[in-house]
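*Asks:* So here's model_32.cif, just mmCIF, C-alpha atoms and all ligand atoms:
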data_data
#
loop_
_atom_site.label_atom_id
_atom_site.label_comp_id
_atom_site.auth_asym_id
_atom_site.auth_seq_id
_atom_site.Cartn_x
_atom_site.Cartn_y
_atom_site.Cartn_z
CA MET I 23 -149.01 -56.11 0.24
CA ALA I 24 -146.00 -55.39 -1.89
CA ILE I 25 -142.68 -56.95 -2.70
CA ARG I 26 -139.89 -54.70 -1.45
CA ASN I 27 -136.39 -54.37 -2.83
CA VAL I 28 -133.81 -56.44 -0.91
CA VAL I 29 -130.63 -54.44 -0.32
CA LYS I 30 -127.31 -56.10 -1.03
CA ILE I 31 -124.05 -56.32 0.87
CA GLY I 32 -122.07 -53.10 0.53
CA GLU I 33 -125.13 -50.96 1.38
CA GLU I 34 -124.60 -48.91 4.54
CA ASN I 35 -128.01 -49.74 6.04
CA LEU I 36 -127.07 -53.41 6.36
CA ARG I 37 -124.29 -52.40 8.76
CA LYS I 38 -126.33 -50.15 11.05
CA LYS I 39 -127.99 -51.06 14.34
CA SER I 40 -131.77 -51.11 14.05
CA LYS I 41 -134.01 -49.27 16.51
CA PRO I 42 -136.69 -50.94 18.65
CA VAL I 43 -140.31 -50.79 17.50
CA LYS I 44 -142.45 -48.60 19.74
CA ASP I 45 -145.64 -48.24 17.70
CA PHE I 46 -147.56 -51.43 16.98
CA ASP I 47 -149.66 -49.77 14.34
CA VAL I 48 -150.67 -50.14 10.72
CA GLY I 49 -147.21 -49.04 9.59
CA LEU I 50 -145.68 -52.06 11.36
CA TRP I 51 -148.36 -54.42 10.00
CA GLU I 52 -147.71 -53.24 6.44
CA LEU I 53 -143.98 -53.72 6.95
CA LEU I 54 -144.51 -57.26 8.29
CA ASP I 55 -146.91 -58.17 5.45
CA ASP I 56 -144.52 -56.81 2.83
CA MET I 57 -141.57 -58.60 4.42
CA LYS I 58 -143.49 -61.88 4.38
CA GLU I 59 -144.38 -61.45 0.71
CA THR I 60 -140.82 -60.43 -0.16
CA MET I 61 -139.33 -63.41 1.70
CA PHE I 62 -141.66 -65.88 -0.08
CA HIS I 63 -141.01 -64.19 -3.42
CA CYS I 64 -137.23 -64.53 -2.94
CA ASP I 65 -137.55 -68.07 -1.57
CA GLY I 66 -135.78 -67.08 1.67
CA MET I 67 -135.94 -68.71 5.10
CA GLY I 68 -135.87 -65.39 6.91
CA LEU I 69 -135.81 -61.65 6.35
CA ALA I 70 -134.90 -58.78 8.66
CA ALA I 71 -136.22 -55.22 8.22
CA PRO I 72 -132.80 -53.67 7.47
CA GLN I 73 -132.68 -55.95 4.41
CA VAL I 74 -135.57 -53.93 2.98
CA GLY I 75 -133.94 -50.68 4.10
CA VAL I 76 -135.97 -50.21 7.31
CA LEU I 77 -133.82 -49.86 10.44
CA ARG I 78 -136.32 -51.37 12.88
CA ARG I 79 -136.06 -54.54 14.98
CA VAL I 80 -138.45 -56.67 12.92
CA VAL I 81 -137.91 -60.20 11.59
CA VAL I 82 -139.95 -62.74 9.62
CA MET I 83 -139.00 -66.39 9.21
CA GLU I 84 -140.38 -69.56 7.70
CA VAL I 85 -138.76 -72.72 9.01
CA ASN I 86 -140.16 -76.25 8.64
CA ASN I 87 -143.37 -74.83 7.15
CA ALA I 88 -144.08 -72.64 10.18
CA PHE I 89 -144.20 -68.87 9.79
CA TYR I 90 -142.92 -66.52 12.51
CA GLU I 91 -143.00 -62.78 13.11
CA LEU I 92 -140.60 -61.40 15.73
CA VAL I 93 -140.70 -57.78 16.83
CA ASN I 94 -137.92 -56.53 19.13
CA PRO I 95 -136.42 -60.04 19.45
CA GLU I 96 -133.84 -60.67 22.13
CA ILE I 97 -131.97 -63.96 22.49
CA ILE I 98 -132.17 -64.93 26.15
CA LYS I 99 -130.74 -68.46 26.17
CA THR I 100 -128.53 -70.62 23.98
CA LYS I 101 -127.32 -74.20 24.25
CA GLY I 102 -124.94 -76.43 22.33
CA LYS I 103 -123.22 -75.97 19.00
CA ASP I 104 -124.04 -76.72 15.40
CA VAL I 105 -122.22 -76.04 12.13
CA GLU I 106 -124.10 -75.74 8.82
CA GLU I 107 -123.86 -73.74 5.62
CA GLU I 108 -125.82 -70.51 5.49
CA GLY I 109 -126.78 -68.11 2.76
CA CYS I 110 -128.42 -64.71 2.79
CA LEU I 111 -130.68 -62.83 0.37
CA SER I 112 -128.42 -59.78 0.86
CA VAL I 113 -125.21 -61.66 0.09
CA GLY I 114 -125.97 -63.45 -3.18
CA LYS I 115 -124.82 -66.91 -4.18
CA PHE I 116 -122.12 -67.50 -1.57
CA ARG I 117 -122.88 -70.07 1.10
CA GLY I 118 -120.54 -70.60 4.02
CA ARG I 119 -120.34 -72.58 7.22
CA VAL I 120 -121.23 -70.81 10.46
CA GLU I 121 -121.11 -72.13 14.00
CA ARG I 122 -124.36 -71.38 15.84
CA PRO I 123 -126.01 -72.67 19.01
CA MET I 124 -128.07 -75.87 18.62
CA THR I 125 -130.89 -74.46 20.74
CA VAL I 126 -131.97 -70.85 21.08
CA THR I 127 -134.66 -69.20 23.16
CA VAL I 128 -135.78 -65.78 22.00
CA LYS I 129 -138.07 -63.29 23.69
CA ALA I 130 -140.04 -61.10 21.30
CA GLN I 131 -143.29 -59.24 20.73
CA ASP I 132 -145.95 -60.04 18.17
CA ARG I 133 -147.46 -57.48 15.78
CA PHE I 134 -149.83 -56.27 18.51
CA GLY I 135 -147.10 -55.82 21.11
CA TYR I 136 -147.77 -58.99 23.13
CA GLU I 137 -144.63 -60.60 24.50
CA PHE I 138 -143.83 -64.26 23.92
CA THR I 139 -140.88 -66.60 23.99
CA LEU I 140 -139.91 -69.08 21.29
CA THR I 141 -137.43 -71.92 21.59
CA GLY I 142 -135.97 -73.34 18.40
CA GLU I 143 -133.56 -76.12 17.55
CA LYS I 144 -131.19 -76.63 14.65
CA TRP I 145 -132.46 -74.61 11.62
CA LEU I 146 -134.93 -72.53 13.59
CA ALA I 147 -132.21 -71.70 16.13
CA ARG I 148 -129.84 -70.87 13.27
CA CYS I 149 -132.40 -68.69 11.52
CA ILE I 150 -133.18 -66.76 14.73
CA CYS I 151 -129.46 -66.03 15.25
CA HIS I 152 -128.91 -65.04 11.62
CA GLU I 153 -131.86 -62.63 11.60
CA VAL I 154 -131.15 -61.09 15.02
CA ASP I 155 -127.56 -60.49 13.82
CA HIS I 156 -129.00 -58.45 10.92
CA LEU I 157 -130.64 -56.11 13.45
CA ASP I 158 -127.18 -55.35 14.83
CA GLY I 159 -125.57 -54.88 11.41
CA VAL I 160 -123.87 -58.28 11.46
CA LEU I 161 -123.85 -60.55 8.38
CA PHE I 162 -123.18 -64.29 8.32
CA VAL I 163 -120.03 -63.81 6.22
CA ASP I 164 -118.47 -61.97 9.20
CA LYS I 165 -118.73 -65.14 11.28
CA SER I 166 -118.29 -67.76 8.60
CA ILE I 167 -115.57 -70.37 8.86
CA ASP I 168 -115.27 -69.88 5.07
CA LYS I 169 -114.77 -66.11 5.24
CA ASP I 170 -111.25 -66.29 3.75
CA LYS I 171 -112.55 -68.22 0.75
CA TYR I 172 -115.35 -65.68 0.32
CA ILE I 173 -112.93 -62.74 0.33
CA LYS I 174 -110.45 -64.51 -1.92
CA ASN I 175 -113.23 -64.93 -4.47
CA GLY I 176 -113.93 -61.19 -4.44
CA GLY I 177 -116.76 -61.21 -1.90
CA LYS I 178 -117.72 -57.88 -0.38
CA ILE I 179 -117.89 -57.30 3.36
ZN ZN S 1 -129.49 -62.72 5.96
#
Would you give me this structure, written as structure tokens?
Ligand code: ZN
*Replies:*
Amino acid sequence: MAIRNVVKIGEENLRKKSKPVKDFDVGLWELLDDMKETMFHCDGMGLAAPQVGVLRRVVVMEVNNAFYELVNPEIIKTKGKDVEEEGCLSVGKFRGRVERPMTVTVKAQDRFGYEFTLTGEKWLARCICHEVDHLDGVLFVDKSIDKDKYIKNGGKI
């Protein structure tokens, strides 16, 4: 396992759409293991592959002491609304409020290619949305209620 470099806002790769994973092989397992180590090292709640410069649909998360790996995640159901402050390892110190669904159901594959669904509430729902957005080149600052404040303070988009 290795700690990978987390790319910062302004880097082109953060704005690209990631491609689906087709090969559930050792290359994917190494990526997942490295992403897990990198996320723990940076004290993050979630990490998406484009944040380590890999344009594949791969996400790791740790919410409420439970660890998750999502490959090719697809949000299939959302319910309710919730507003909380978010941050991002690729954005730096800025934290801003984002409206997200209160409940999210995601369909994904595990590291061996087996499909599963996961339903999360509150912070898990928020984390799923935040990380899936990364796979489409979307960052939380784009959606933040505090975007104007962020830009006024010199924040990059
Ligand atoms: Zn992020």
*Asks:* Per residue of chain I within 12 Å of ligand ZN 1 (chain S), note the shortest atom pair and the distance in Å to one decimal, counting all atoms listed in the file, and order the rows by chain and increasing residue number, as a Markdown table.
*Replies:*
| residue | atom | partner | partner_atom | distance |
| --- | --- | --- | --- | --- |
| I:Val28 | CA | S:ZN1 | ZN | 10.3 |
| I:Val29 | CA | S:ZN1 | ZN | 10.5 |
| I:Lys30 | CA | S:ZN1 | ZN | 9.9 |
| I:Ile31 | CA | S:ZN1 | ZN | 9.8 |
| I:Leu36 | CA | S:ZN1 | ZN | 9.6 |
| I:Arg37 | CA | S:ZN1 | ZN | 11.9 |
| I:Met61 | CA | S:ZN1 | ZN | 10.7 |
| I:Cys64 | CA | S:ZN1 | ZN | 11.9 |
| I:Gly66 | CA | S:ZN1 | ZN | 8.8 |
| I:Met67 | CA | S:ZN1 | ZN | 8.8 |
| I:Gly68 | CA | S:ZN1 | ZN | 7.0 |
| I:Leu69 | CA | S:ZN1 | ZN | 6.4 |
| I:Ala70 | CA | S:ZN1 | ZN | 7.2 |
| I:Ala71 | CA | S:ZN1 | ZN | 10.3 |
| I:Pro72 | CA | S:ZN1 | ZN | 9.8 |
| I:Gln73 | CA | S:ZN1 | ZN | 7.6 |
| I:Val74 | CA | S:ZN1 | ZN | 11.1 |
| I:Val81 | CA | S:ZN1 | ZN | 10.4 |
| I:Val82 | CA | S:ZN1 | ZN | 11.1 |
| I:Met83 | CA | S:ZN1 | ZN | 10.7 |
| I:Glu108 | CA | S:ZN1 | ZN | 8.6 |
| I:Gly109 | CA | S:ZN1 | ZN | 6.8 |
| I:Cys110 | CA | S:ZN1 | ZN | 3.9 |
| I:Leu111 | CA | S:ZN1 | ZN | 5.7 |
| I:Ser112 | CA | S:ZN1 | ZN | 6.0 |
| I:Val113 | CA | S:ZN1 | ZN | 7.3 |
| I:Gly114 | CA | S:ZN1 | ZN | 9.8 |
| I:Lys115 | CA | S:ZN1 | ZN | 11.9 |
| I:Phe116 | CA | S:ZN1 | ZN | 11.6 |
| I:Arg117 | CA | S:ZN1 | ZN | 11.0 |
| I:Arg148 | CA | S:ZN1 | ZN | 11.0 |
| I:Cys149 | CA | S:ZN1 | ZN | 8.7 |
| I:Ile150 | CA | S:ZN1 | ZN | 10.3 |
| I:Cys151 | CA | S:ZN1 | ZN | 9.9 |
| I:His152 | CA | S:ZN1 | ZN | 6.1 |
| I:Glu153 | CA | S:ZN1 | ZN | 6.1 |
| I:Val154 | CA | S:ZN1 | ZN | 9.4 |
| I:Asp155 | CA | S:ZN1 | ZN | 8.4 |
| I:His156 | CA | S:ZN1 | ZN | 6.6 |
| I:Leu157 | CA | S:ZN1 | ZN | 10.1 |
| I:Asp158 | CA | S:ZN1 | ZN | 11.8 |
| I:Gly159 | CA | S:ZN1 | ZN | 10.3 |
| I:Val160 | CA | S:ZN1 | ZN | 9.0 |
| I:Leu161 | CA | S:ZN1 | ZN | 6.5 |
| I:Phe162 | CA | S:ZN1 | ZN | 6.9 |
| I:Val163 | CA | S:ZN1 | ZN | 9.5 |
| I:Asp164 | CA | S:ZN1 | ZN | 11.5 |
*Asks:* For the residues selected in the previous step, produce a file with C-alpha atoms as a short mmCIF file (atom, residue, chain, number, x, y, z; two decimals), in the frame of the given file.
*Replies:*
data_model
loop_
_atom_site.label_atom_id
_atom_site.label_comp_id
_atom_site.auth_asym_id
_atom_site.auth_seq_id
_atom_site.Cartn_x
_atom_site.Cartn_y
_atom_site.Cartn_z
CA VAL I 28 -133.81 -56.44 -0.91
CA VAL I 29 -130.63 -54.44 -0.32
CA LYS I 30 -127.31 -56.10 -1.03
CA ILE I 31 -124.05 -56.32 0.87
CA LEU I 36 -127.07 -53.41 6.36
CA ARG I 37 -124.29 -52.40 8.76
CA MET I 61 -139.33 -63.41 1.70
CA CYS I 64 -137.23 -64.53 -2.94
CA GLY I 66 -135.78 -67.08 1.67
CA MET I 67 -135.94 -68.71 5.10
CA GLY I 68 -135.87 -65.39 6.91
CA LEU I 69 -135.81 -61.65 6.35
CA ALA I 70 -134.90 -58.78 8.66
CA ALA I 71 -136.22 -55.22 8.22
CA PRO I 72 -132.80 -53.67 7.47
CA GLN I 73 -132.68 -55.95 4.41
CA VAL I 74 -135.57 -53.93 2.98
CA VAL I 81 -137.91 -60.20 11.59
CA VAL I 82 -139.95 -62.74 9.62
CA MET I 83 -139.00 -66.39 9.21
CA GLU I 108 -125.82 -70.51 5.49
CA GLY I 109 -126.78 -68.11 2.76
CA CYS I 110 -128.42 -64.71 2.79
CA LEU I 111 -130.68 -62.83 0.37
CA SER I 112 -128.42 -59.78 0.86
CA VAL I 113 -125.21 -61.66 0.09
CA GLY I 114 -125.97 -63.45 -3.18
CA LYS I 115 -124.82 -66.91 -4.18
CA PHE I 116 -122.12 -67.50 -1.57
CA ARG I 117 -122.88 -70.07 1.10
CA ARG I 148 -129.84 -70.87 13.27
CA CYS I 149 -132.40 -68.69 11.52
CA ILE I 150 -133.18 -66.76 14.73
CA CYS I 151 -129.46 -66.03 15.25
CA HIS I 152 -128.91 -65.04 11.62
CA GLU I 153 -131.86 -62.63 11.60
CA VAL I 154 -131.15 -61.09 15.02
CA ASP I 155 -127.56 -60.49 13.82
CA HIS I 156 -129.00 -58.45 10.92
CA LEU I 157 -130.64 -56.11 13.45
CA ASP I 158 -127.18 -55.35 14.83
CA GLY I 159 -125.57 -54.88 11.41
CA VAL I 160 -123.87 -58.28 11.46
CA LEU I 161 -123.85 -60.55 8.38
CA PHE I 162 -123.18 -64.29 8.32
CA VAL I 163 -120.03 -63.81 6.22
CA ASP I 164 -118.47 -61.97 9.20
#
*Asks:* At a cut-off of 10 Å, using all atoms listed in the file, what residues contact Phe46 of chain I? Leave out same-chain residues fewer than 5 positions from it and give the result as a PDB file with C-alpha atoms, in the frame of the given file.
*Replies:*
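File selection09.pdb, as written:
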ATOM      1  CA  TRP I  51    -148.360 -54.420  10.000  1.00  0.00           C
ATOM      2  CA  VAL I  93    -140.700 -57.780  16.830  1.00  0.00           C
ATOM      3  CA  GLN I 131    -143.290 -59.240  20.730  1.00  0.00           C
ATOM      4  CA  ASP I 132    -145.950 -60.040  18.170  1.00  0.00           C
ATOM      5  CA  ARG I 133    -147.460 -57.480  15.780  1.00  0.00           C
ATOM      6  CA  PHE I 134    -149.830 -56.270  18.510  1.00  0.00           C
ATOM      7  CA  GLY I 135    -147.100 -55.820  21.110  1.00  0.00           C
ATOM      8  CA  TYR I 136    -147.770 -58.990  23.130  1.00  0.00           C
TER       9      TYR I 136
END
*Asks:* Which is closest to Ala130 of chain I among I:Arg79, I:Lys174, I:Lys169, I:Lys58, if we use only C-alpha atoms?
*Replies:* I:Arg79
*Asks:* Considering only C-alpha atoms, state which residue in the set I:Ile98, I:Ile173, I:Asn86, I:Ile25 is at the smallest distance from His63 of chain I.
*Replies:* I:Ile25
*Asks:* Would you compute an axis-aligned box for segment 66-69 of chain I, covering every atom listed for it in the file with 6 Å of margin on each side, and report centre and edge lengths in Å to one decimal as lines of an AutoDock Vina configuration file?
*Replies:*
center_x = -135.9
center_y = -65.2
center_z = 4.3
size_x = 12.2
size_y = 19.1
size_z = 17.2
*Asks:* If I put a ball of radius 8 Å at (-129.5, -73.8, 11.4) in the file's coordinates, which residues poke into it when counting all atoms listed in the file, written as a list in words?
*Replies:*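 Residues with an atom close enough to that point: Asp104, Val105, Glu106, Glu108, Arg122, Met124, Glu143, Lys144, Trp145, Leu146, Ala147, Arg148 and Cys149 of chain I.
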*Asks:* For Thr141 of chain I, which of I:Thr100, I:Glu121, I:Ile167, I:Val43 is the closest residue, counting all atoms listed in the file?
*Replies:*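 Residue with the minimum atom-to-atom distance to Thr141 of chain I: I:Thr100.
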*Asks:* Can you tell me how far atom CA of Gly118 of chain I sits from atom CA of Glu33 of chain I, in Å to one decimal?
*Replies:*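 Those two atoms sit 20.3 Å apart.
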*Asks:* Between atom CA of Ala24 of chain I and atom CA of Gly49 of chain I, what is the distance, to one decimal in Å?
*Replies:*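 Computed distance, atom CA of Ala24 of chain I to atom CA of Gly49 of chain I, equals 13.2 Å.
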